[in-house]
$ cat start.pdb   # PDB, C-alpha atoms and all ligand atoms
ATOM      1  CA  MET A   1      -7.652  12.592  14.731
ATOM      2  CA  PHE A   2      -4.746  11.515  12.530
ATOM      3  CA  GLN A   3      -2.441   9.784  14.994
ATOM      4  CA  ALA A   4      -0.774   6.421  14.751
ATOM      5  CA  GLN A   5      -0.606   4.260  17.851
ATOM      6  CA  ALA A   6       0.663   0.721  18.217
ATOM      7  CA  ILE A   7      -2.143  -1.777  17.623
ATOM      8  CA  ALA A   8      -2.334  -5.231  19.129
ATOM      9  CA  SER A   9      -2.977  -7.935  16.563
ATOM     10  CA  SER A  10      -6.325  -8.742  18.213
ATOM     11  CA  ASP A  11      -7.486  -5.138  17.792
ATOM     12  CA  LYS A  12      -6.674  -4.885  14.101
ATOM     13  CA  ALA A  13     -10.165  -5.712  12.841
ATOM     14  CA  GLY A  14     -11.553  -2.741  14.763
ATOM     15  CA  PHE A  15      -8.664  -0.551  13.623
ATOM     16  CA  TYR A  16      -9.363  -1.344   9.961
ATOM     17  CA  ARG A  17     -13.105  -0.814  10.393
ATOM     18  CA  GLU A  18     -12.312   2.694  11.596
ATOM     19  CA  LEU A  19      -9.710   3.301   8.869
ATOM     20  CA  THR A  20     -12.162   2.048   6.221
ATOM     21  CA  SER A  21     -14.756   4.531   7.341
ATOM     22  CA  GLN A  22     -12.179   7.360   7.401
ATOM     23  CA  LEU A  23     -11.056   6.543   3.860
ATOM     24  CA  GLU A  24     -14.645   6.426   2.608
ATOM     25  CA  GLY A  25     -15.186   9.874   4.088
ATOM     26  CA  LEU A  26     -11.929  11.228   2.689
ATOM     27  CA  LEU A  27     -12.656  10.064  -0.869
ATOM     28  CA  ALA A  28     -16.395  10.818  -0.869
ATOM     29  CA  GLY A  29     -17.401  12.979  -3.820
ATOM     30  CA  GLU A  30     -13.973  12.892  -5.487
ATOM     31  CA  SER A  31     -13.098  10.579  -8.385
ATOM     32  CA  ASP A  32      -9.705  11.894  -9.525
ATOM     33  CA  PRO A  33      -7.402   8.844  -9.280
ATOM     34  CA  ILE A  34      -4.233  10.854  -8.482
ATOM     35  CA  ALA A  35      -5.864  13.016  -5.830
ATOM     36  CA  ASN A  36      -7.441   9.939  -4.255
ATOM     37  CA  ALA A  37      -4.150   8.006  -4.320
ATOM     38  CA  ALA A  38      -2.404  10.985  -2.699
ATOM     39  CA  ASN A  39      -4.944  11.233   0.107
ATOM     40  CA  THR A  40      -5.054   7.448   0.581
ATOM     41  CA  SER A  41      -1.246   7.390   0.969
ATOM     42  CA  ALA A  42      -1.332  10.260   3.443
ATOM     43  CA  LEU A  43      -4.084   8.621   5.525
ATOM     44  CA  LEU A  44      -2.275   5.263   5.641
ATOM     45  CA  TYR A  45       1.057   6.872   6.529
ATOM     46  CA  GLN A  46      -0.490   8.978   9.290
ATOM     47  CA  MET A  47      -2.724   6.308  10.795
ATOM     48  CA  MET A  48      -0.760   3.052  10.517
ATOM     49  CA  PRO A  49       1.975   2.737  13.119
ATOM     50  CA  ASP A  50       5.528   1.695  12.275
ATOM     51  CA  LEU A  51       5.624   2.528   8.558
ATOM     52  CA  ASN A  52       8.500   4.194   6.719
ATOM     53  CA  TRP A  53       6.791   4.273   3.288
ATOM     54  CA  ALA A  54       3.205   4.140   2.006
ATOM     55  CA  GLY A  55       2.169   4.730  -1.551
ATOM     56  CA  PHE A  56       1.070   3.722  -5.015
ATOM     57  CA  TYR A  57       2.725   2.345  -8.108
ATOM     58  CA  ILE A  58       0.573   2.667 -11.232
ATOM     59  CA  MET A  59       0.735   0.414 -14.325
ATOM     60  CA  ARG A  60       1.799   2.420 -17.382
ATOM     61  CA  ASP A  61       2.660   0.754 -20.691
ATOM     62  CA  GLY A  62       3.300  -2.601 -19.047
ATOM     63  CA  GLU A  63       5.432  -1.519 -16.084
ATOM     64  CA  LEU A  64       4.883  -0.050 -12.645
ATOM     65  CA  VAL A  65       5.593   3.670 -12.339
ATOM     66  CA  LEU A  66       5.841   5.537  -9.038
ATOM     67  CA  GLY A  67       2.623   7.276  -7.997
ATOM     68  CA  PRO A  68       1.607   9.363  -4.989
ATOM     69  CA  PHE A  69       3.365   8.306  -1.786
ATOM     70  CA  GLN A  70       4.636   9.314   1.648
ATOM     71  CA  GLY A  71       8.176   8.518   2.742
ATOM     72  CA  LYS A  72      11.632   8.789   1.248
ATOM     73  CA  PRO A  73      12.094   9.233  -2.524
ATOM     74  CA  ALA A  74      11.701   5.831  -4.195
ATOM     75  CA  CYS A  75      12.688   3.988  -7.363
ATOM     76  CA  VAL A  76      10.475   5.181 -10.232
ATOM     77  CA  ARG A  77      10.005   2.149 -12.519
ATOM     78  CA  ILE A  78       9.528  -1.503 -11.549
ATOM     79  CA  PRO A  79       9.098  -4.166 -14.256
ATOM     80  CA  VAL A  80       6.367  -6.784 -13.771
ATOM     81  CA  GLY A  81       7.914  -9.743 -11.954
ATOM     82  CA  ARG A  82      10.668  -7.665 -10.296
ATOM     83  CA  GLY A  83      10.751  -6.990  -6.561
ATOM     84  CA  VAL A  84       7.848  -7.434  -4.187
ATOM     85  CA  CYS A  85       5.673  -4.989  -6.144
ATOM     86  CA  GLY A  86       6.350  -6.668  -9.478
ATOM     87  CA  ALA A  87       5.636 -10.068  -7.910
ATOM     88  CA  ALA A  88       2.238  -8.848  -6.697
ATOM     89  CA  VAL A  89       1.380  -7.808 -10.262
ATOM     90  CA  ALA A  90       2.700 -11.005 -11.869
ATOM     91  CA  GLY A  91       0.886 -13.207  -9.322
ATOM     92  CA  ARG A  92      -2.186 -10.945  -9.203
ATOM     93  CA  GLN A  93      -2.214 -11.328  -5.426
ATOM     94  CA  SER A  94      -1.100  -9.580  -2.272
ATOM     95  CA  MET A  95       2.470 -10.119  -1.096
ATOM     96  CA  LEU A  96       3.147 -10.283   2.642
ATOM     97  CA  VAL A  97       6.921 -10.304   3.210
ATOM     98  CA  GLU A  98       8.038 -10.677   6.821
ATOM     99  CA  ASP A  99      11.745 -10.209   6.035
ATOM    100  CA  VAL A 100      12.577  -8.339   2.863
ATOM    101  CA  HIS A 101      16.233  -9.390   3.144
ATOM    102  CA  ALA A 102      15.107 -12.968   2.580
ATOM    103  CA  PHE A 103      12.984 -12.092  -0.493
ATOM    104  CA  PRO A 104      14.889 -12.760  -3.718
ATOM    105  CA  GLY A 105      14.939  -9.649  -5.880
ATOM    106  CA  HIS A 106      13.578  -7.277  -3.261
ATOM    107  CA  ILE A 107      14.187  -3.676  -4.384
ATOM    108  CA  ALA A 108      15.539  -1.628  -1.471
ATOM    109  CA  CYS A 109      14.327   1.944  -1.927
ATOM    110  CA  ASP A 110      14.889   2.755   1.751
ATOM    111  CA  ALA A 111      17.606   0.727   3.491
ATOM    112  CA  ALA A 112      15.552   0.920   6.708
ATOM    113  CA  SER A 113      12.755  -1.268   5.289
ATOM    114  CA  ARG A 114      12.539  -4.709   6.885
ATOM    115  CA  SER A 115       9.031  -5.926   6.034
ATOM    116  CA  GLU A 116       6.554  -5.129   3.285
ATOM    117  CA  LEU A 117       2.896  -5.542   2.257
ATOM    118  CA  VAL A 118       1.885  -5.049  -1.373
ATOM    119  CA  VAL A 119      -1.770  -5.215  -2.479
ATOM    120  CA  PRO A 120      -2.654  -5.203  -6.183
ATOM    121  CA  LEU A 121      -5.347  -2.880  -7.517
ATOM    122  CA  ILE A 122      -7.487  -5.015  -9.828
ATOM    123  CA  ARG A 123     -10.215  -3.426 -11.972
ATOM    124  CA  ASP A 124     -12.291  -5.543 -14.372
ATOM    125  CA  GLY A 125      -9.716  -8.319 -14.089
ATOM    126  CA  GLU A 126      -6.785  -6.040 -14.952
ATOM    127  CA  VAL A 127      -4.036  -5.045 -12.496
ATOM    128  CA  ILE A 128      -3.906  -1.241 -12.720
ATOM    129  CA  GLY A 129      -1.359  -0.699  -9.936
ATOM    130  CA  VAL A 130      -0.434  -1.588  -6.370
ATOM    131  CA  ILE A 131      -0.522  -0.138  -2.874
ATOM    132  CA  ASP A 132       2.881  -0.647  -1.241
ATOM    133  CA  LEU A 133       3.549  -0.400   2.507
ATOM    134  CA  ASP A 134       7.023  -0.680   4.055
ATOM    135  CA  SER A 135       8.025  -0.970   7.707
ATOM    136  CA  PRO A 136      11.380  -0.727   9.487
ATOM    137  CA  HIS A 137      10.211  -3.593  11.753
ATOM    138  CA  PRO A 138      10.506  -7.255  10.717
ATOM    139  CA  ALA A 139       7.120  -9.009  10.398
ATOM    140  CA  ARG A 140       5.203  -5.734  10.897
ATOM    141  CA  PHE A 141       2.298  -6.972   8.738
ATOM    142  CA  ASP A 142       0.039  -9.987   9.277
ATOM    143  CA  ALA A 143      -3.056 -11.503   7.666
ATOM    144  CA  ALA A 144      -5.294  -8.932   9.394
ATOM    145  CA  ASP A 145      -3.271  -6.113   7.822
ATOM    146  CA  GLN A 146      -3.503  -7.792   4.432
ATOM    147  CA  ALA A 147      -7.291  -8.165   4.695
ATOM    148  CA  GLY A 148      -7.617  -4.583   5.948
ATOM    149  CA  VAL A 149      -5.498  -3.040   3.198
ATOM    150  CA  GLU A 150      -7.250  -5.170   0.550
ATOM    151  CA  ARG A 151     -10.527  -3.606   1.738
ATOM    152  CA  LEU A 152      -8.968  -0.124   1.543
ATOM    153  CA  ALA A 153      -7.832  -0.894  -2.014
ATOM    154  CA  GLU A 154     -11.444  -1.760  -2.924
ATOM    155  CA  ILE A 155     -12.609   1.569  -1.514
ATOM    156  CA  TYR A 156      -9.945   3.418  -3.513
ATOM    157  CA  LEU A 157     -10.995   1.617  -6.704
ATOM    158  CA  ALA A 158     -14.701   2.217  -6.127
ATOM    159  CA  ALA A 159     -14.181   5.938  -5.542
ATOM    160  CA  SER A 160     -11.725   6.608  -8.370
ATOM    161  CA  ALA A 161     -12.328   6.987 -12.078
ATOM    162  CA  ARG A 162     -10.332   4.787 -14.439
TER     163      ARG A 162
HETATM  164  N1  LIG A 201      10.504  -2.731  -2.098
HETATM  165  C1  LIG A 201       9.713  -2.624  -3.298
HETATM  166  C2  LIG A 201      10.101  -1.438  -4.111
HETATM  167  C3  LIG A 201       9.330  -0.216  -3.809
HETATM  168  S1  LIG A 201       9.817   0.557  -2.384
HETATM  169  O1  LIG A 201       9.673  -0.336  -1.250
HETATM  170  C4  LIG A 201       8.970   1.962  -2.133
HETATM  171  C5  LIG A 201       9.842  -3.871  -4.120
HETATM  172  O2  LIG A 201      10.686  -4.737  -3.837
HETATM  173  O3  LIG A 201       9.085  -4.008  -5.075
END
$ encode --input "start.pdb" --output "structure tokens"
Amino acid sequence: MFQAQAIASSDKAGFYRELTSQLEGLLAGESDPIANAANTSALLYQMMPDLNWAGFYIMRDGELVLGPFQGKPACVRIPVGRGVCGAAVAGRQSMLVEDVHAFPGHIACDAASRSELVVPLIRDGEVIGVIDLDSPHPARFDAADQAGVERLAEIYLAASAR
């Protein structure tokens, strides 16, 4: 069941429909935000092809702090406005970065990362954290991935207690 395969861009809508339904099933009946972030990270890392990192940063006292993730150990604290994650918080919008080497201030946790997608978690108008996905392939993520992961973020937020 949990196996990543390469997905053609045209098939991504169907892929995310399936992933959405898997995440809903995985989080059903559980509202603990850490447990749900851990299982969301694991599902994304297992199911999405060509990732080297998938996880959460959570807002704590005005900065992002590392949350549940899959991949290599990562930097723990990211100030708002710093790196791709901090930019997603400051701009309150998803960040799709085709080439992280060309992104000013990118924070390289894993030297293998070449592209990145960061989706903010917004509850009642407040950014409470981000989902961060890294890939070793340039331009791994496109608008279909962004829309798909934004939907997954909504499912995470709906399932999890504040
Ligand atoms: N690259 C991120 C930092 C987090 S790691 O990728 C896990 C950034 O620039 O914010």
$ residues_near_ligand --input "start.pdb" --ligand "ligand LIG 201 (chain A)" --cutoff "7 Å" --atoms "only C-alpha atoms and all ligand atoms" --output "mmCIF file with C-alpha atoms, keeping the file's coordinate frame"
data_model
loop_
_atom_site.group_PDB
_atom_site.id
_atom_site.type_symbol
_atom_site.label_atom_id
_atom_site.label_comp_id
_atom_site.auth_asym_id
_atom_site.auth_seq_id
_atom_site.Cartn_x
_atom_site.Cartn_y
_atom_site.Cartn_z
ATOM 1 C CA TRP A 53 6.791 4.273 3.288
ATOM 2 C CA ALA A 74 11.701 5.831 -4.195
ATOM 3 C CA CYS A 75 12.688 3.988 -7.363
ATOM 4 C CA ILE A 78 9.528 -1.503 -11.549
ATOM 5 C CA ARG A 82 10.668 -7.665 -10.296
ATOM 6 C CA GLY A 83 10.751 -6.990 -6.561
ATOM 7 C CA VAL A 84 7.848 -7.434 -4.187
ATOM 8 C CA CYS A 85 5.673 -4.989 -6.144
ATOM 9 C CA GLY A 86 6.350 -6.668 -9.478
ATOM 10 C CA GLY A 105 14.939 -9.649 -5.880
ATOM 11 C CA HIS A 106 13.578 -7.277 -3.261
ATOM 12 C CA ILE A 107 14.187 -3.676 -4.384
ATOM 13 C CA ALA A 108 15.539 -1.628 -1.471
ATOM 14 C CA CYS A 109 14.327 1.944 -1.927
ATOM 15 C CA ASP A 110 14.889 2.755 1.751
ATOM 16 C CA ASP A 132 2.881 -0.647 -1.241
ATOM 17 C CA ASP A 134 7.023 -0.680 4.055
#
$ residues_around --input "start.pdb" --residues "Leu19 (chain A)" --least-positions-apart "2" --cutoff "9 Å" --atoms "all atoms listed in the file" --output "PyMOL selection string"
chain A and resi 14-17+21-24+43-44+47+148+152
$ write_last_selection --input "start.pdb" --atoms "C-alpha atoms" --output "PDB file, in the coordinates of the input"
ATOM      1  CA  GLY A  14     -11.553  -2.741  14.763  1.00  0.00           C
ATOM      2  CA  PHE A  15      -8.664  -0.551  13.623  1.00  0.00           C
ATOM      3  CA  TYR A  16      -9.363  -1.344   9.961  1.00  0.00           C
ATOM      4  CA  ARG A  17     -13.105  -0.814  10.393  1.00  0.00           C
ATOM      5  CA  SER A  21     -14.756   4.531   7.341  1.00  0.00           C
ATOM      6  CA  GLN A  22     -12.179   7.360   7.401  1.00  0.00           C
ATOM      7  CA  LEU A  23     -11.056   6.543   3.860  1.00  0.00           C
ATOM      8  CA  GLU A  24     -14.645   6.426   2.608  1.00  0.00           C
ATOM      9  CA  LEU A  43      -4.084   8.621   5.525  1.00  0.00           C
ATOM     10  CA  LEU A  44      -2.275   5.263   5.641  1.00  0.00           C
ATOM     11  CA  MET A  47      -2.724   6.308  10.795  1.00  0.00           C
ATOM     12  CA  GLY A 148      -7.617  -4.583   5.948  1.00  0.00           C
ATOM     13  CA  LEU A 152      -8.968  -0.124   1.543  1.00  0.00           C
TER      14      LEU A 152
END
$ resolve_selection --input "start.pdb" --expression "the PyMOL selection byres (((chain A and resi 140) around 8) and not hetatm)" --output "ChimeraX atom specification"
/A:50,98,115-116,135,137-139,141-142
$ axis_aligned_box --input "start.pdb" --around "region 108-118 of chain A" --padding-each-side "4 Å" --output "JSON"
{"center_x": 9.7, "center_y": -1.6, "center_z": 2.5, "size_x": 23.7, "size_y": 16.7, "size_z": 16.8}
$ atom_distance --input "start.pdb" --atom1 "CA of Ala13 (chain A)" --atom2 "CA of Ala147 (chain A)"
9.0 Å
